[in-house]
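What's in coords22.pdb: PDB, C-alpha atoms and all ligand atoms
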ATOM      1  CA  MET E 167      -3.716 -47.911  82.751
ATOM      2  CA  THR E 168      -2.863 -45.126  80.332
ATOM      3  CA  PRO E 169      -0.887 -42.292  81.887
ATOM      4  CA  PRO E 170      -2.548 -38.914  81.929
ATOM      5  CA  PRO E 171      -1.628 -36.769  78.917
ATOM      6  CA  TYR E 172       0.512 -34.334  80.945
ATOM      7  CA  VAL E 173       2.863 -37.219  82.029
ATOM      8  CA  LEU E 174       3.458 -38.068  78.376
ATOM      9  CA  SER E 175       4.247 -34.484  77.464
ATOM     10  CA  GLN E 176       6.690 -34.225  80.343
ATOM     11  CA  GLY E 177       8.547 -37.298  79.070
ATOM     12  CA  VAL E 178       8.702 -35.900  75.564
ATOM     13  CA  LEU E 179       9.844 -32.537  76.871
ATOM     14  CA  ALA E 180      12.578 -34.192  78.939
ATOM     15  CA  ALA E 181      13.827 -36.097  75.890
ATOM     16  CA  ILE E 182      13.863 -32.962  73.783
ATOM     17  CA  GLY E 183      15.618 -31.115  76.589
ATOM     18  CA  ASN E 184      18.306 -33.810  76.812
ATOM     19  CA  ALA E 185      18.878 -33.810  73.084
ATOM     20  CA  LEU E 186      19.207 -30.035  73.048
ATOM     21  CA  LEU E 187      21.602 -30.138  75.983
ATOM     22  CA  GLN E 188      23.810 -32.731  74.281
ATOM     23  CA  ALA E 189      23.882 -30.795  71.057
ATOM     24  CA  PHE E 190      24.847 -27.691  72.993
ATOM     25  CA  VAL E 191      27.582 -29.482  74.964
ATOM     26  CA  VAL E 192      29.150 -30.946  71.812
ATOM     27  CA  GLY E 193      28.790 -27.618  70.061
ATOM     28  CA  ILE E 194      30.755 -25.720  72.685
ATOM     29  CA  GLY E 195      33.352 -28.456  72.949
ATOM     30  CA  THR E 196      32.904 -29.625  76.511
ATOM     31  CA  SER E 197      32.380 -33.316  75.820
ATOM     32  CA  HIS E 198      35.450 -35.576  76.178
ATOM     33  CA  GLU E 199      35.748 -36.139  72.407
ATOM     34  CA  ALA E 200      35.359 -32.534  71.498
ATOM     35  CA  SER E 201      37.800 -31.274  74.105
ATOM     36  CA  LYS E 202      40.780 -31.935  71.786
ATOM     37  CA  PRO E 203      41.892 -29.013  69.646
ATOM     38  CA  HIS E 204      40.099 -29.179  66.317
ATOM     39  CA  HIS E 205      43.250 -29.853  64.270
ATOM     40  CA  GLU E 206      44.154 -32.835  66.464
ATOM     41  CA  ALA E 207      40.760 -34.382  66.301
ATOM     42  CA  ARG E 208      40.571 -34.324  62.516
ATOM     43  CA  PRO E 209      43.494 -33.409  60.274
ATOM     44  CA  ARG E 210      42.624 -30.855  57.702
ATOM     45  CA  VAL E 211      42.262 -32.203  54.186
ATOM     46  CA  PRO E 212      43.925 -29.813  51.779
ATOM     47  CA  SER E 213      42.272 -29.310  48.460
ATOM     48  CA  ILE E 214      44.296 -30.410  45.466
ATOM     49  CA  ARG E 215      45.124 -27.462  43.392
ATOM     50  CA  GLN E 216      45.120 -27.731  39.633
ATOM     51  CA  ARG E 217      48.610 -28.115  38.319
ATOM     52  CA  SER E 218      50.152 -25.337  36.404
ATOM     53  CA  LYS E 219      53.675 -24.288  35.740
ATOM     54  CA  ALA E 220      53.287 -21.650  38.428
ATOM     55  CA  GLN E 221      52.965 -24.418  41.029
ATOM     56  CA  ARG E 222      55.845 -26.540  39.901
ATOM     57  CA  PRO E 223      58.659 -27.421  42.303
ATOM     58  CA  SER E 224      61.199 -25.291  40.522
ATOM     59  CA  GLU E 225      59.214 -22.279  41.580
ATOM     60  CA  GLY E 226      59.245 -23.166  45.218
ATOM     61  CA  HIS E 227      55.622 -24.182  45.780
ATOM     62  CA  ALA E 228      55.721 -27.892  45.293
ATOM     63  CA  ARG E 229      57.033 -28.835  48.698
ATOM     64  CA  THR E 230      54.134 -26.969  50.190
ATOM     65  CA  ILE E 231      51.795 -29.137  48.164
ATOM     66  CA  VAL E 232      53.725 -32.224  49.136
ATOM     67  CA  GLU E 233      53.816 -31.344  52.803
ATOM     68  CA  GLY E 234      50.177 -30.426  52.685
ATOM     69  CA  ARG E 235      49.526 -33.827  51.377
ATOM     70  CA  TRP E 236      51.140 -35.587  54.316
ATOM     71  CA  GLY E 237      48.477 -34.092  56.482
ATOM     72  CA  MET E 238      45.641 -35.265  54.348
ATOM     73  CA  CYS E 239      45.329 -38.788  55.595
ATOM     74  CA  GLU E 240      42.396 -39.232  57.863
ATOM     75  CA  PHE E 241      42.679 -42.976  57.721
ATOM     76  CA  THR E 242      44.279 -44.743  60.606
ATOM     77  CA  GLY E 243      46.769 -47.531  61.034
ATOM     78  CA  LYS E 244      49.207 -48.576  58.362
ATOM     79  CA  CYS E 245      47.982 -46.239  55.737
ATOM     80  CA  ALA E 246      48.785 -43.168  57.809
ATOM     81  CA  ASN E 247      52.113 -44.603  58.938
ATOM     82  CA  ILE E 248      53.212 -45.304  55.406
ATOM     83  CA  ILE E 249      52.404 -41.797  54.295
ATOM     84  CA  GLN E 250      54.259 -40.209  57.157
ATOM     85  CA  SER E 251      57.353 -42.304  56.597
ATOM     86  CA  TRP E 252      57.640 -41.698  52.850
ATOM     87  CA  ASN E 253      60.730 -39.763  51.925
ATOM     88  CA  PRO E 254      61.789 -39.736  48.251
ATOM     89  CA  THR E 255      65.488 -39.448  49.092
ATOM     90  CA  VAL E 256      65.428 -42.809  50.876
ATOM     91  CA  LEU E 257      64.838 -44.396  47.482
ATOM     92  CA  GLY E 258      67.396 -42.165  45.778
ATOM     93  CA  LEU E 259      64.707 -39.889  44.330
ATOM     94  CA  LEU E 260      64.830 -36.137  44.537
ATOM     95  CA  ASP E 261      63.116 -34.316  47.329
ATOM     96  CA  SER E 262      62.189 -31.596  44.902
ATOM     97  CA  LEU E 263      61.971 -32.285  41.179
ATOM     98  CA  PRO E 264      62.822 -29.211  39.139
ATOM     99  CA  TYR E 265      61.700 -28.570  35.577
ATOM    100  CA  ASP E 266      63.830 -27.565  32.611
ATOM    101  CA  GLU E 267      66.900 -28.337  34.658
ATOM    102  CA  GLU E 268      69.235 -31.311  34.501
ATOM    103  CA  VAL E 269      69.004 -33.654  37.468
ATOM    104  CA  VAL E 270      70.867 -36.813  38.436
ATOM    105  CA  VAL E 271      68.774 -39.762  39.533
ATOM    106  CA  TRP E 272      70.336 -43.156  40.193
ATOM    107  CA  GLY E 273      73.578 -41.995  38.615
ATOM    108  CA  ARG E 274      72.137 -40.860  35.281
ATOM    109  CA  ARG E 275      71.333 -37.413  33.979
ATOM    110  CA  TRP E 276      67.745 -36.485  33.093
ATOM    111  CA  ILE E 277      65.655 -33.468  32.383
ATOM    112  CA  VAL E 278      61.913 -33.031  32.911
ATOM    113  CA  LYS E 279      60.401 -30.570  30.468
ATOM    114  CA  THR E 280      57.394 -30.085  28.196
ATOM    115  CA  CYS E 281      56.799 -33.375  26.410
ATOM    116  CA  THR E 282      57.099 -33.949  22.679
ATOM    117  CA  LEU E 283      53.347 -34.699  22.562
ATOM    118  CA  GLY E 284      52.670 -31.004  23.015
ATOM    119  CA  GLU E 285      52.213 -28.626  25.894
ATOM    120  CA  LYS E 286      48.654 -29.691  26.661
ATOM    121  CA  HIS E 287      49.923 -33.160  27.555
ATOM    122  CA  GLY E 288      52.231 -31.801  30.204
ATOM    123  CA  TYR E 289      55.754 -32.882  30.893
ATOM    124  CA  GLY E 290      58.011 -35.706  29.836
ATOM    125  CA  VAL E 291      61.343 -37.193  30.890
ATOM    126  CA  TYR E 292      64.335 -36.840  28.576
ATOM    127  CA  ALA E 293      67.708 -38.550  28.790
ATOM    128  CA  CYS E 294      70.748 -36.284  28.969
ATOM    129  CA  GLU E 295      73.158 -39.079  28.108
ATOM    130  CA  ASP E 296      73.230 -42.162  25.903
ATOM    131  CA  ILE E 297      71.976 -45.371  27.441
ATOM    132  CA  ILE E 298      73.036 -48.289  25.320
ATOM    133  CA  VAL E 299      71.077 -51.507  25.151
ATOM    134  CA  GLU E 300      73.264 -53.992  23.296
ATOM    135  CA  ASP E 301      70.654 -56.290  21.876
ATOM    136  CA  SER E 302      67.187 -54.967  22.491
ATOM    137  CA  ALA E 303      65.465 -58.229  21.584
ATOM    138  CA  SER E 304      67.351 -60.543  23.901
ATOM    139  CA  CYS E 305      67.997 -57.947  26.596
ATOM    140  CA  ARG E 306      64.352 -57.174  27.120
ATOM    141  CA  ARG E 307      63.684 -57.042  30.846
ATOM    142  CA  GLU E 308      67.405 -57.161  31.475
ATOM    143  CA  GLY E 309      68.142 -53.740  30.095
ATOM    144  CA  PRO E 310      69.903 -51.082  32.137
ATOM    145  CA  THR E 311      68.062 -49.806  35.179
ATOM    146  CA  LEU E 312      67.026 -46.185  34.803
ATOM    147  CA  PHE E 313      65.383 -45.379  38.148
ATOM    148  CA  PRO E 314      62.713 -46.744  40.451
ATOM    149  CA  TYR E 315      59.005 -46.148  40.169
ATOM    150  CA  GLY E 316      58.707 -44.811  43.682
ATOM    151  CA  GLY E 317      56.178 -43.471  46.093
ATOM    152  CA  PRO E 318      54.274 -44.389  49.202
ATOM    153  CA  ILE E 319      52.888 -47.891  48.948
ATOM    154  CA  TYR E 320      49.333 -48.557  50.042
ATOM    155  CA  LYS E 321      47.209 -51.588  50.391
ATOM    156  CA  ARG E 322      44.610 -51.524  47.675
ATOM    157  CA  ARG E 323      41.758 -50.973  50.114
ATOM    158  CA  HIS E 324      43.485 -47.951  51.673
ATOM    159  CA  TRP E 325      44.242 -46.575  48.238
ATOM    160  CA  ASN E 326      40.566 -46.964  47.300
ATOM    161  CA  MET E 327      39.668 -44.888  50.338
ATOM    162  CA  ILE E 328      42.134 -42.206  49.339
ATOM    163  CA  LEU E 329      40.721 -42.146  45.813
ATOM    164  CA  THR E 330      37.254 -41.417  47.140
ATOM    165  CA  GLN E 331      38.655 -38.062  48.242
ATOM    166  CA  HIS E 332      41.163 -37.575  45.431
ATOM    167  CA  PRO E 333      39.945 -39.439  42.327
ATOM    168  CA  LYS E 334      42.514 -37.777  40.067
ATOM    169  CA  TRP E 335      45.419 -39.271  41.962
ATOM    170  CA  LYS E 336      44.875 -42.565  40.174
ATOM    171  CA  THR E 337      46.732 -41.144  37.158
ATOM    172  CA  PHE E 338      50.075 -42.131  38.666
ATOM    173  CA  ALA E 339      49.070 -45.217  40.608
ATOM    174  CA  LEU E 340      51.014 -48.367  39.818
ATOM    175  CA  GLU E 341      49.589 -51.695  40.913
ATOM    176  CA  MET E 342      52.606 -53.670  42.094
ATOM    177  CA  ASP E 343      50.994 -57.041  42.481
ATOM    178  CA  THR E 344      49.566 -57.275  38.997
ATOM    179  CA  PHE E 345      52.991 -57.513  37.355
ATOM    180  CA  ALA E 346      54.484 -60.581  35.817
ATOM    181  CA  GLY E 347      57.107 -61.643  38.341
ATOM    182  CA  SER E 348      55.000 -60.775  41.349
ATOM    183  CA  THR E 349      54.318 -63.813  43.495
ATOM    184  CA  ARG E 350      51.102 -62.195  44.647
ATOM    185  CA  ARG E 351      52.133 -62.777  48.240
ATOM    186  CA  HIS E 352      50.100 -59.699  48.957
ATOM    187  CA  SER E 353      46.640 -60.832  48.103
ATOM    188  CA  ASP E 354      45.244 -57.420  48.932
ATOM    189  CA  GLY E 355      47.370 -55.853  46.196
ATOM    190  CA  ARG E 356      49.735 -52.950  46.749
ATOM    191  CA  VAL E 357      49.580 -49.649  44.953
ATOM    192  CA  ILE E 358      52.441 -47.181  44.537
ATOM    193  CA  ASP E 359      51.294 -43.592  44.540
ATOM    194  CA  GLY E 360      53.768 -42.428  41.932
ATOM    195  CA  ASP E 361      52.646 -38.847  41.550
ATOM    196  CA  PRO E 362      55.858 -37.001  40.728
ATOM    197  CA  ILE E 363      54.965 -33.942  42.755
ATOM    198  CA  ARG E 364      53.695 -35.702  45.843
ATOM    199  CA  SER E 365      56.206 -38.554  45.707
ATOM    200  CA  GLY E 366      59.284 -37.196  43.908
ATOM    201  CA  ASN E 367      58.779 -39.970  41.358
ATOM    202  CA  ILE E 368      60.459 -38.917  38.107
ATOM    203  CA  ALA E 369      58.965 -41.993  36.408
ATOM    204  CA  GLY E 370      55.551 -40.426  36.846
ATOM    205  CA  PHE E 371      56.424 -38.063  33.999
ATOM    206  CA  ILE E 372      56.964 -40.817  31.460
ATOM    207  CA  ASN E 373      54.352 -40.673  28.721
ATOM    208  CA  ASN E 374      52.507 -43.421  26.954
ATOM    209  CA  THR E 375      53.099 -44.605  23.392
ATOM    210  CA  VAL E 376      49.406 -45.301  22.866
ATOM    211  CA  GLY E 377      47.705 -42.970  20.417
ATOM    212  CA  THR E 378      50.825 -40.971  19.650
ATOM    213  CA  GLN E 379      51.126 -39.246  16.265
ATOM    214  CA  PRO E 380      53.662 -39.805  14.825
ATOM    215  CA  LYS E 381      53.861 -43.132  16.569
ATOM    216  CA  ARG E 382      56.399 -43.255  19.393
ATOM    217  CA  ARG E 383      58.216 -46.472  20.133
ATOM    218  CA  ALA E 384      58.565 -47.550  23.735
ATOM    219  CA  ASN E 385      62.151 -47.346  24.933
ATOM    220  CA  CYS E 386      61.572 -48.373  28.540
ATOM    221  CA  GLU E 387      59.184 -50.288  30.735
ATOM    222  CA  TRP E 388      58.446 -50.820  34.394
ATOM    223  CA  VAL E 389      59.203 -54.099  36.064
ATOM    224  CA  PHE E 390      58.346 -55.583  39.415
ATOM    225  CA  VAL E 391      61.281 -56.790  41.489
ATOM    226  CA  GLU E 392      60.754 -58.971  44.486
ATOM    227  CA  GLY E 393      62.852 -57.843  47.429
ATOM    228  CA  PRO E 394      64.311 -54.479  48.426
ATOM    229  CA  PRO E 395      66.033 -52.142  45.977
ATOM    230  CA  PRO E 396      69.827 -52.249  45.631
ATOM    231  CA  ALA E 397      71.963 -50.517  48.259
ATOM    232  CA  PRO E 398      72.000 -47.748  49.241
ATOM    233  CA  TYR E 399      68.386 -47.175  48.301
ATOM    234  CA  GLY E 400      65.565 -47.794  50.695
ATOM    235  CA  GLN E 401      66.243 -51.274  51.986
ATOM    236  CA  ALA E 402      64.524 -50.581  55.252
ATOM    237  CA  TYR E 403      61.469 -49.212  53.574
ATOM    238  CA  HIS E 404      60.741 -51.405  50.595
ATOM    239  CA  GLU E 405      59.881 -55.048  50.811
ATOM    240  CA  ASP E 406      59.604 -55.192  47.010
ATOM    241  CA  HIS E 407      60.084 -52.484  44.431
ATOM    242  CA  CYS E 408      59.398 -51.437  40.854
ATOM    243  CA  LEU E 409      61.994 -50.195  38.409
ATOM    244  CA  VAL E 410      62.018 -48.487  35.065
ATOM    245  CA  ILE E 411      64.435 -50.250  32.717
ATOM    246  CA  ALA E 412      65.572 -49.421  29.203
ATOM    247  CA  THR E 413      64.304 -51.788  26.523
ATOM    248  CA  ARG E 414      66.259 -50.286  23.638
ATOM    249  CA  THR E 415      69.020 -47.793  23.186
ATOM    250  CA  ILE E 416      68.114 -44.311  24.360
ATOM    251  CA  ARG E 417      70.128 -41.401  23.025
ATOM    252  CA  SER E 418      70.802 -38.143  24.783
ATOM    253  CA  GLY E 419      67.822 -35.885  24.034
ATOM    254  CA  ASP E 420      65.338 -38.758  23.572
ATOM    255  CA  GLU E 421      62.106 -38.624  25.517
ATOM    256  CA  LEU E 422      61.245 -41.741  27.486
ATOM    257  CA  PHE E 423      58.121 -43.570  26.385
ATOM    258  CA  THR E 424      56.540 -46.729  27.622
ATOM    259  CA  HIS E 425      53.284 -48.521  27.146
ATOM    260  CA  TYR E 426      50.805 -48.295  29.977
ATOM    261  CA  GLU E 427      47.117 -48.160  30.636
ATOM    262  CA  TRP E 428      45.564 -44.919  31.755
ATOM    263  CA  ASN E 429      42.208 -43.251  31.711
TER     264      ASN E 429
HETATM  265  C1  LIG E 501      51.808 -40.704  33.940
HETATM  266  S1  LIG E 501      51.335 -39.154  33.343
HETATM  267  C2  LIG E 501      52.637 -38.701  32.276
HETATM  268  C3  LIG E 501      53.150 -37.314  32.587
HETATM  269  C4  LIG E 501      52.269 -36.192  32.150
HETATM  270  N1  LIG E 501      52.620 -35.777  30.790
HETATM  271  C5  LIG E 501      52.370 -35.028  33.111
HETATM  272  O1  LIG E 501      52.933 -33.980  32.788
HETATM  273  O2  LIG E 501      51.908 -35.179  34.263
HETATM  274  C6  LIG E 501      50.022 -39.635  32.309
HETATM  275  C7  LIG E 501      49.285 -38.485  31.715
HETATM  276  O3  LIG E 501      50.058 -37.905  30.677
HETATM  277  C8  LIG E 501      49.260 -37.684  29.532
HETATM  278  N2  LIG E 501      49.665 -38.626  28.494
HETATM  279  C9  LIG E 501      50.543 -39.635  28.603
HETATM  280  N3  LIG E 501      50.693 -40.287  27.448
HETATM  281  C10 LIG E 501      49.877 -39.690  26.579
HETATM  282  C11 LIG E 501      49.548 -39.910  25.201
HETATM  283  N4  LIG E 501      50.098 -40.886  24.497
HETATM  284  N5  LIG E 501      48.656 -39.082  24.630
HETATM  285  C12 LIG E 501      48.080 -38.076  25.318
HETATM  286  N6  LIG E 501      48.341 -37.818  26.620
HETATM  287  C13 LIG E 501      49.227 -38.611  27.236
HETATM  288  C14 LIG E 501      47.832 -37.935  29.970
HETATM  289  O4  LIG E 501      47.320 -36.710  30.427
HETATM  290  C15 LIG E 501      47.982 -38.903  31.124
HETATM  291  O5  LIG E 501      46.934 -38.809  32.046
END

Mind converting the file's structure to structure tokens?
Amino acid sequence: MTPPPYVLSQGVLAAIGNALLQAFVVGIGTSHEASKPHHEARPRVPSIRQRSKAQRPSEGHARTIVEGRWGMCEFTGKCANIIQSWNPTVLGLLDSLPYDEEVVVWGRRWIVKTCTLGEKHGYGVYACEDIIVEDSASCRREGPTLFPYGGPIYKRRHWNMILTQHPKWKTFALEMDTFAGSTRRHSDGRVIDGDPIRSGNIAGFINNTVGTQPKRRANCEWVFVEGPPPAPYGQAYHEDHCLVIATRTIRSGDELFTHYEWN
């Protein structure tokens, strides 16, 4: 037997009423989920500001950007933990990387300043002392260690999630498990977020030889090293690590160049 039309309308009205009530309750924050303060329920995602000299660490703004970044991770589990625990000084990197000022990283003197490619290509890393590679052919891959390629390490799938929000961050990403020497124990692949401002990673300022005019020769390269970095740097944090090593003699005043892929 079909119900009389007024019964149907009452049912529909009740459903609409319920929906409206729920929307109202959530809206005013009286449901269990919504009772948390807004900032606890969902960390604020800071917008990435365009880089300019005015925002560089030497002018006192960079740590704000870096700290702002720690709060960006909405993902849960390991990804968030890794971000929170990253501290550049644990790996012997500088907490704040100044420009146009000599710094000491892993016992050598460097300066980060406008690169020799021209101002529009940003900054580069220059040696402030000679670094001698005895026989560049045979010493390849065994050249002197310059500094680590450091930053928070993510599983590839977490990094992909981060990139959906911050596509430009891929500029400094280094895929650890694609290197010769990696045993690929980590089938998921690990990515180092080597952004120099977010991660204190001086290696992130090294420019590429590709397309340079006049042609630059690479004088360093990054290598994958299985196991933690040498004491006293970051043993507790890093299962494996990546280093920048010299592949031929670098003189004081030379800019570091390597060969890498970027887009
Ligand atoms: C890893 S960063 C190097 C540091 C960069 N100069 C900076 O100040 O952030 C890579 C970026 O530097 C620039 N770059 C590096 N090598 C280059 C090259 N050979 N020609 C033009 N731009 C280059 C590109 O903008 C590239 O996305």

Which value, in Å to one decimal, gives the distance between CA of Tyr315 (chain E) and CA of Asp301 (chain E)?
->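 If I compute the distance from CA of Tyr315 (chain E) to CA of Asp301 (chain E), I get 23.9 Å.
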
Around all listed atoms of ligand LIG 501 (chain E), padded 8 Å per side, what centre and edge lengths does the axis-aligned box have in Å to one decimal, as JSON?
{"center_x": 50.0, "center_y": -37.4, "center_z": 29.4, "size_x": 22.2, "size_y": 22.9, "size_z": 25.8}

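Against this structure, the PyMOL selection byres (((not hetatm)) within 7 of (chain E and resi 501)) ends up with Cys281, Leu283, His287, Gly288, Tyr289, Gly290, Thr337, Phe338, Gly370, Phe371, Ile372, Asn373, Asn374, Thr375, Val376, Gly377, Thr378, Trp428 and Asn429 of chain E.
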
Let me know the residues the PyMOL selection byres (((chain E and resi 312) around 6) and not hetatm) catches in the file above, as a list in words.
->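 Matching residues under the PyMOL selection byres (((chain E and resi 312) around 6) and not hetatm) are Thr311, Phe313, Val410 and Ile411 of chain E.
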
Could you take the residues named above and write them with C-alpha atoms, as a tab-separated table (two decimals), in the frame of the given file?
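Saved to selection13.tsv:
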chain	number	residue	atom	x	y	z
E	311	THR	CA	68.06	-49.81	35.18
E	313	PHE	CA	65.38	-45.38	38.15
E	410	VAL	CA	62.02	-48.49	35.06
E	411	ILE	CA	64.44	-50.25	32.72

Tell me, in Å to one decimal, how far CA of Asn253 (chain E) is from CA of Ser365 (chain E).
->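 Going from CA of Asn253 (chain E) over to CA of Ser365 (chain E), I get 7.8 Å.
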
Nearby residues (only C-alpha atoms) at most 10 Å from Lys279 (chain E), same-chain spacing under 3 positions excluded, as number ranges by chain = E: 264-268, 276, 282, 285, 288-292, 371, 421

Picked residues, the PyMOL selection byres (((chain E and resi 390-396) around 6) and not hetatm), as a short mmCIF file (atom, residue, chain, number, x, y, z; two decimals) with C-alpha atoms, in the frame of the given file:
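So result.cif came out as:
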data_model
loop_
_atom_site.label_atom_id
_atom_site.label_comp_id
_atom_site.auth_asym_id
_atom_site.auth_seq_id
_atom_site.Cartn_x
_atom_site.Cartn_y
_atom_site.Cartn_z
CA VAL E 389 59.20 -54.10 36.06
CA ALA E 397 71.96 -50.52 48.26
CA TYR E 399 68.39 -47.18 48.30
CA GLN E 401 66.24 -51.27 51.99
CA HIS E 404 60.74 -51.40 50.60
CA GLU E 405 59.88 -55.05 50.81
CA ASP E 406 59.60 -55.19 47.01
CA HIS E 407 60.08 -52.48 44.43
CA CYS E 408 59.40 -51.44 40.85
#

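For the pair CA of Glu387 (chain E) and CA of Leu329 (chain E), the interatomic distance is 25.2 Å.
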
May I have the protein, DNA and RNA residues with an atom at most 6 Å from (50.5, -53.4, 48.0), counting only C-alpha atoms in the file's coordinates, returned as a VMD selection string?
-> chain E and resid 320 to 321 355 to 357
